[in-house]
Amino acid sequence: MYLILEGVTRCFGSKTVVKQVSLDVRQGEFVTLLGPSGCGKTTLLKMVGGFLQPSAGNILLDGVNINNVPPEERPVATVFQNYALFPHMTVMENVMYGLRYKSGYTKKDAYSLARNMLELVHLEDIAKQSVTKISGGQQQRVALARALILNPKVLLLDEPLSNLDAKLRMKIRKEIKDIQLKLGMTMVFVTHDQEEALSLSDRIVVMNGGTVEQIGIPREIYANPRNEFVANFVGRANLIRAEESLCIVRPESIVPVEENGDYQGVVVQKQYMGSYTTYFIETDELMLQMDVRNLEDKDWRIGQILQIKVMKNK
Ligand SMILES: Nc1ncnc2c1ncn2[C@@H]1O[C@H](COP(=O)(O)OP(=O)(O)OP(=O)(O)O)[C@@H](O)[C@H]1O
């Protein structure tokens with residue numbers, strides 16, 4: 001394993017905000033820390049970046065314990081949520097600044113490397129502009145180039161897309177993934193956005209209250225959430241309790257049938273979502289959500305009685 005976290009813990013005063021987190025990240029892997037605000041994901045990332053010391057536990061990178069290595073000497077780079085660019089510098093100067101603690105680069109080397117990075121993030125045409133005169137999406141790309149110029153062993157990204165509008169978020173999300181695949185770079189990404197986590201990650205670490213709830217590939221996390229917290233935080237879920245057991249059923253795993261359904265219920269509300277419609281179906285004991293793709297002319301009206309079957313999550 002490339003990046004190893006062993007029982008990493010962090011306390012602030014009497015409060016433990018990261019509790020005994022253990023995690024192995026493979027070289028070239030894209031791992032996302034996903035969880036609600038305050039669950040400790042940024043604190044965990046800061047410990048990997050060296051900006052915070054663990055109260056207990058070890059962090060190893062490429063076989064070396066980096067617990068006591070200061071941030072500027074770690075082979076790790078961080079892209080922050082607020083970009084942290086220098087307003088008095090141009091795009092090019094900001095990217096070159098990434099190399100400030102690295103020795104052995106002439107100004108010419110640094111310039112040529114920065115040029116390559118700007119090409120990678122498609123900003124070569126605005127290299128001479130001030131960073132205050134460019135858009136949010138472009139600023140985020142500058143921050144990315146400034147981190148990548150260090151050729152880090154691990155790139156840490158702390159909610160890098162949260163200041164962008166929905167459309168731009170999708171665009172930069174794809175660019176980050178393209179770069180990760182192109183460079184084979186190990187990335188640890190922090191977000192509270194489940195879509196971002198599902199679409200980008202090789203594996204997702206779902207966190208809650210400073211601990212890990214589940215680690216798995218996106219499909220596993222979505223189709224087989226370990227508990228109610230994961231089921232509700234990642235996607236929408238119908239929670240069907242039978243005696244001692246809890247069955248977690250995704251809305252698209254509920255299908256209408258002509259007869260012999262598992263449940264009969266009445267449509268009490270429907271929400272048109274473009275590519276699918278969500279029907280809220282009230283049975284004797286449950287309120288179920290059913291998603292039906294809007295491919296055919298199938299449509300059920302409010303008040304209609306339906307038979308439904310519960311399928312396996314995909
Ligand atoms: N320097 C600090 N001193 C005291 N408490 C802190 C400090 N930094 C973070 N915390 C607390 O630790 C907890 C976890 O914070 P953290 O920023 O890691 O959460 P997060 O999951 O990244 O949340 P968000 O998505 O809101 O950034 C929070 O309760 C926060 O108030």
# chains A, B, ... in the order shown; residues from 1 in each chain; ligands from 1
>>> residues_near_ligand(ligand="ligand 1", cutoff="7 Å", atoms="only C-alpha atoms and all ligand atoms", output="PyMOL selection string")
chain A and resi 12+17+35-44+191-192
>>> write_last_selection(atoms="C-alpha atoms", output="JSON list (two decimals), in the first residue's frame")
[["chain", "number", "residue", "atom", "x", "y", "z"],
["A", 12, "PHE", "CA", -9.05, 19.45, 20.06],
["A", 17, "VAL", "CA", -12.90, 14.85, 16.09],
["A", 35, "GLY", "CA", -19.47, 12.80, 5.04],
["A", 36, "PRO", "CA", -21.61, 15.58, 6.49],
["A", 37, "SER", "CA", -20.25, 18.88, 7.71],
["A", 38, "GLY", "CA", -18.22, 18.47, 10.89],
["A", 39, "CYS", "CA", -17.54, 14.73, 10.50],
["A", 40, "GLY", "CA", -13.77, 15.30, 10.53],
["A", 41, "LYS", "CA", -12.86, 14.86, 6.86],
["A", 42, "THR", "CA", -10.91, 18.14, 6.55],
["A", 43, "THR", "CA", -9.11, 17.44, 9.83],
["A", 44, "LEU", "CA", -8.08, 14.02, 8.48],
["A", 191, "THR", "CA", -16.47, 16.29, -0.30],
["A", 192, "HIS", "CA", -19.93, 16.21, 1.23]]
>>> residues_around(residues="Asn58 (chain A)", least_positions_apart="4", cutoff="7 Å", atoms="only C-alpha atoms", output="NGL selection string")
:A and (5-8 or 65 or 67)
>>> write_last_selection(atoms="C-alpha atoms", output="JSON list (two decimals), in the first residue's frame")
[["chain", "number", "residue", "atom", "x", "y", "z"],
["A", 5, "LEU", "CA", -3.28, 5.59, 7.92],
["A", 6, "GLU", "CA", -3.04, 3.58, 11.11],
["A", 7, "GLY", "CA", -5.42, 4.44, 13.93],
["A", 8, "VAL", "CA", -5.18, 8.15, 13.15],
["A", 65, "ASN", "CA", 6.42, 7.43, 8.41],
["A", 67, "ASN", "CA", 4.13, 12.00, 11.08]]
>>> residues_around(residues="region 118-135 of chain A", least_positions_apart="4", cutoff="12 Å", atoms="only C-alpha atoms", output="VMD selection string")
chain A and resid 83 to 96 111 to 114 139 to 149 163 to 165 168 171 to 172 174 to 180 182 to 183
>>> select_by_dssp(residues="region 53-271 of chain A", states="strand (DSSP E)", output="PyMOL selection string")
chain A and resi 56-61+64-65+76-79+154-158+186-191+203-208+211-216+238-242+245-249+254-257+263-271
>>> residues_around(residues="Val230 (chain A)", least_positions_apart="5", cutoff="12 Å", atoms="only C-alpha atoms", output="list in words")
Leu34, Gly35, Pro36, Gln194, Ile204, Val205, Val206, Met207, Asn208, Val212, Glu213, Gln214, Ile215, Gly216, Pro218, Glu220, Ile221, Tyr222, Ala223, Asn224, Pro225, Gly235, Arg236, Ala237, Leu239 and Ile248 of chain A
>>> residues_around(residues="Ser253 (chain A)", least_positions_apart="2", cutoff="9 Å", atoms="only C-alpha atoms", output="NGL selection string")
:A and (249-251 or 255 or 290-291 or 309-314)
>>> write_last_selection(atoms="N, CA and C atoms", output="compact mmCIF listing (two decimals), in the first residue's frame")
# COMPACT_ATOMS: atom_id res chain seq x y z
N VAL A 249 -33.73 -0.41 0.39
CA VAL A 249 -34.12 -0.56 -1.01
C VAL A 249 -34.06 0.79 -1.71
N ARG A 250 -33.29 0.87 -2.79
CA ARG A 250 -33.20 2.11 -3.55
C ARG A 250 -34.49 2.34 -4.33
N PRO A 251 -34.86 3.61 -4.57
CA PRO A 251 -36.14 3.89 -5.25
C PRO A 251 -36.26 3.24 -6.64
N VAL A 255 -40.44 -1.69 -8.37
CA VAL A 255 -41.04 -1.65 -9.71
C VAL A 255 -42.53 -1.97 -9.64
N MET A 290 -40.57 5.39 -5.31
CA MET A 290 -40.30 4.56 -6.47
C MET A 290 -39.89 5.47 -7.63
N ASP A 291 -38.72 5.20 -8.23
CA ASP A 291 -38.29 5.99 -9.39
C ASP A 291 -38.58 5.19 -10.65
N LYS A 309 -43.26 -4.36 -6.57
CA LYS A 309 -42.35 -5.44 -6.19
C LYS A 309 -41.01 -4.84 -5.77
N VAL A 310 -40.38 -5.45 -4.79
CA VAL A 310 -39.08 -4.97 -4.32
C VAL A 310 -38.00 -5.85 -4.95
N MET A 311 -37.12 -5.24 -5.73
CA MET A 311 -36.05 -5.97 -6.40
C MET A 311 -34.73 -5.76 -5.64
N LYS A 312 -33.69 -6.45 -6.11
CA LYS A 312 -32.37 -6.30 -5.49
C LYS A 312 -31.76 -4.98 -5.99
N ASN A 313 -31.06 -4.25 -5.11
CA ASN A 313 -30.38 -3.02 -5.57
C ASN A 313 -29.33 -3.37 -6.59
N LYS A 314 -29.15 -2.47 -7.58
CA LYS A 314 -28.15 -2.78 -8.63
C LYS A 314 -26.83 -2.07 -8.32
>>> atom_distance(atom1="CA of Trp300 (chain A)", atom2="CA of Met287 (chain A)")
16.3 Å
>>> decode(residues="region 23-176 of chain A", atoms="C-alpha atoms", output="CSV table (one decimal), in the first residue's frame")
chain,number,residue,atom,x,y,z
A,23,LEU,CA,-7.1,3.4,5.7
A,24,ASP,CA,-4.9,2.0,2.9
A,25,VAL,CA,-4.7,3.8,-0.4
A,26,ARG,CA,-3.1,2.2,-3.4
A,27,GLN,CA,-0.8,4.1,-5.8
A,28,GLY,CA,-2.8,5.8,-8.5
A,29,GLU,CA,-6.0,5.4,-6.6
A,30,PHE,CA,-8.7,8.1,-6.3
A,31,VAL,CA,-10.1,7.9,-2.7
A,32,THR,CA,-12.9,10.2,-1.5
A,33,LEU,CA,-13.6,11.1,2.1
A,34,LEU,CA,-17.4,11.7,2.1
A,35,GLY,CA,-19.5,12.8,5.0
A,36,PRO,CA,-21.6,15.6,6.5
A,37,SER,CA,-20.2,18.9,7.7
A,38,GLY,CA,-18.2,18.5,10.9
A,39,CYS,CA,-17.5,14.7,10.5
A,40,GLY,CA,-13.8,15.3,10.5
A,41,LYS,CA,-12.9,14.9,6.9
A,42,THR,CA,-10.9,18.1,6.6
A,43,THR,CA,-9.1,17.4,9.8
A,44,LEU,CA,-8.1,14.0,8.5
A,45,LEU,CA,-6.9,15.5,5.2
A,46,LYS,CA,-4.9,18.2,7.1
A,47,MET,CA,-3.1,15.5,9.0
A,48,VAL,CA,-2.1,13.8,5.8
A,49,GLY,CA,-1.0,17.2,4.4
A,50,GLY,CA,1.0,17.9,7.6
A,51,PHE,CA,-0.9,21.0,8.6
A,52,LEU,CA,-2.1,19.2,11.8
A,53,GLN,CA,-0.4,16.7,13.9
A,54,PRO,CA,-2.2,13.5,14.8
A,55,SER,CA,-2.9,13.1,18.5
A,56,ALA,CA,-2.3,9.3,18.0
A,57,GLY,CA,-1.7,7.0,15.1
A,58,ASN,CA,0.7,6.9,12.2
A,59,ILE,CA,0.7,8.1,8.6
A,60,LEU,CA,3.0,6.3,6.2
A,61,LEU,CA,3.7,7.3,2.6
A,62,ASP,CA,5.6,5.0,0.2
A,63,GLY,CA,7.0,3.1,3.2
A,64,VAL,CA,8.1,6.2,5.2
A,65,ASN,CA,6.4,7.4,8.4
A,66,ILE,CA,5.7,11.1,7.7
A,67,ASN,CA,4.1,12.0,11.1
A,68,ASN,CA,6.9,14.4,11.9
A,69,VAL,CA,7.6,15.8,8.4
A,70,PRO,CA,6.6,19.4,8.0
A,71,PRO,CA,4.1,20.2,5.2
A,72,GLU,CA,6.6,21.8,2.8
A,73,GLU,CA,8.8,18.8,3.0
A,74,ARG,CA,6.1,16.2,2.5
A,75,PRO,CA,5.8,14.8,-1.0
A,76,VAL,CA,2.2,15.8,-0.8
A,77,ALA,CA,0.4,18.8,-2.3
A,78,THR,CA,-3.0,20.3,-1.3
A,79,VAL,CA,-5.7,22.1,-3.3
A,80,PHE,CA,-7.8,24.1,-1.0
A,81,GLN,CA,-11.5,25.0,-1.2
A,82,ASN,CA,-10.8,28.7,-1.4
A,83,TYR,CA,-7.9,28.2,-3.9
A,84,ALA,CA,-5.5,30.3,-1.8
A,85,LEU,CA,-4.0,32.1,-4.9
A,86,PHE,CA,-1.9,35.3,-4.7
A,87,PRO,CA,-4.0,38.2,-6.0
A,88,HIS,CA,-1.0,40.3,-7.0
A,89,MET,CA,0.5,37.6,-9.2
A,90,THR,CA,-0.3,36.4,-12.7
A,91,VAL,CA,-1.6,32.9,-13.5
A,92,MET,CA,1.9,31.8,-14.5
A,93,GLU,CA,3.5,33.3,-11.4
A,94,ASN,CA,1.0,31.6,-9.1
A,95,VAL,CA,1.8,28.2,-10.7
A,96,MET,CA,5.6,28.8,-10.5
A,97,TYR,CA,5.2,29.7,-6.9
A,98,GLY,CA,4.3,26.1,-6.3
A,99,LEU,CA,8.0,25.3,-6.6
A,100,ARG,CA,9.1,27.9,-4.0
A,101,TYR,CA,10.4,25.2,-1.5
A,102,LYS,CA,11.8,23.0,-4.1
A,103,SER,CA,15.5,23.3,-4.8
A,104,GLY,CA,17.3,22.5,-8.0
A,105,TYR,CA,15.1,24.4,-10.5
A,106,THR,CA,16.4,27.3,-12.5
A,107,LYS,CA,13.9,30.0,-13.3
A,108,LYS,CA,13.9,28.6,-16.9
A,109,ASP,CA,13.1,25.1,-15.7
A,110,ALA,CA,10.3,26.4,-13.4
A,111,TYR,CA,8.9,28.4,-16.3
A,112,SER,CA,8.9,25.5,-18.7
A,113,LEU,CA,7.3,23.2,-16.1
A,114,ALA,CA,4.7,25.7,-15.3
A,115,ARG,CA,3.9,26.1,-19.0
A,116,ASN,CA,3.3,22.3,-19.2
A,117,MET,CA,1.0,22.4,-16.2
A,118,LEU,CA,-1.0,25.2,-17.7
A,119,GLU,CA,-1.4,23.2,-20.8
A,120,LEU,CA,-2.6,20.3,-18.8
A,121,VAL,CA,-5.3,22.4,-17.2
A,122,HIS,CA,-6.0,24.2,-20.5
A,123,LEU,CA,-4.9,27.7,-19.3
A,124,GLU,CA,-1.9,28.3,-21.5
A,125,ASP,CA,-3.6,31.2,-23.3
A,126,ILE,CA,-4.2,33.2,-20.1
A,127,ALA,CA,-0.8,32.7,-18.4
A,128,LYS,CA,-0.1,36.4,-18.2
A,129,GLN,CA,-3.4,37.5,-16.8
A,130,SER,CA,-3.8,38.5,-13.2
A,131,VAL,CA,-5.7,35.8,-11.2
A,132,THR,CA,-8.1,38.4,-10.0
A,133,LYS,CA,-9.3,38.9,-13.6
A,134,ILE,CA,-10.2,35.2,-14.3
A,135,SER,CA,-13.3,33.2,-13.5
A,136,GLY,CA,-13.8,30.9,-10.5
A,137,GLY,CA,-13.4,27.8,-12.7
A,138,GLN,CA,-10.1,29.1,-14.1
A,139,GLN,CA,-8.9,30.0,-10.6
A,140,GLN,CA,-9.6,26.5,-9.5
A,141,ARG,CA,-7.5,25.2,-12.5
A,142,VAL,CA,-4.6,27.5,-11.5
A,143,ALA,CA,-4.8,26.1,-7.9
A,144,LEU,CA,-4.7,22.6,-9.4
A,145,ALA,CA,-1.7,23.4,-11.7
A,146,ARG,CA,0.2,25.0,-8.7
A,147,ALA,CA,-0.3,21.7,-6.8
A,148,LEU,CA,0.5,19.4,-9.7
A,149,ILE,CA,3.8,21.2,-10.5
A,150,LEU,CA,5.2,19.7,-7.4
A,151,ASN,CA,4.7,16.2,-8.8
A,152,PRO,CA,3.4,15.1,-5.4
A,153,LYS,CA,3.1,11.4,-4.5
A,154,VAL,CA,-0.4,12.2,-3.3
A,155,LEU,CA,-2.6,15.1,-4.2
A,156,LEU,CA,-5.1,16.2,-1.6
A,157,LEU,CA,-8.2,18.1,-2.6
A,158,ASP,CA,-10.4,19.7,0.0
A,159,GLU,CA,-13.9,20.4,-1.5
A,160,PRO,CA,-12.3,21.9,-4.6
A,161,LEU,CA,-15.5,22.3,-6.5
A,162,SER,CA,-17.8,23.7,-3.8
A,163,ASN,CA,-17.5,27.3,-4.9
A,164,LEU,CA,-18.5,26.6,-8.5
A,165,ASP,CA,-21.9,26.6,-10.0
A,166,ALA,CA,-23.5,23.2,-10.9
A,167,LYS,CA,-22.5,23.2,-14.6
A,168,LEU,CA,-18.9,24.2,-14.0
A,169,ARG,CA,-18.6,21.7,-11.2
A,170,MET,CA,-19.5,18.9,-13.6
A,171,LYS,CA,-16.9,20.2,-16.1
A,172,ILE,CA,-14.0,20.6,-13.7
A,173,ARG,CA,-15.0,17.2,-12.1
A,174,LYS,CA,-14.3,15.6,-15.4
A,175,GLU,CA,-11.1,17.5,-15.9
A,176,ILE,CA,-9.8,16.4,-12.5
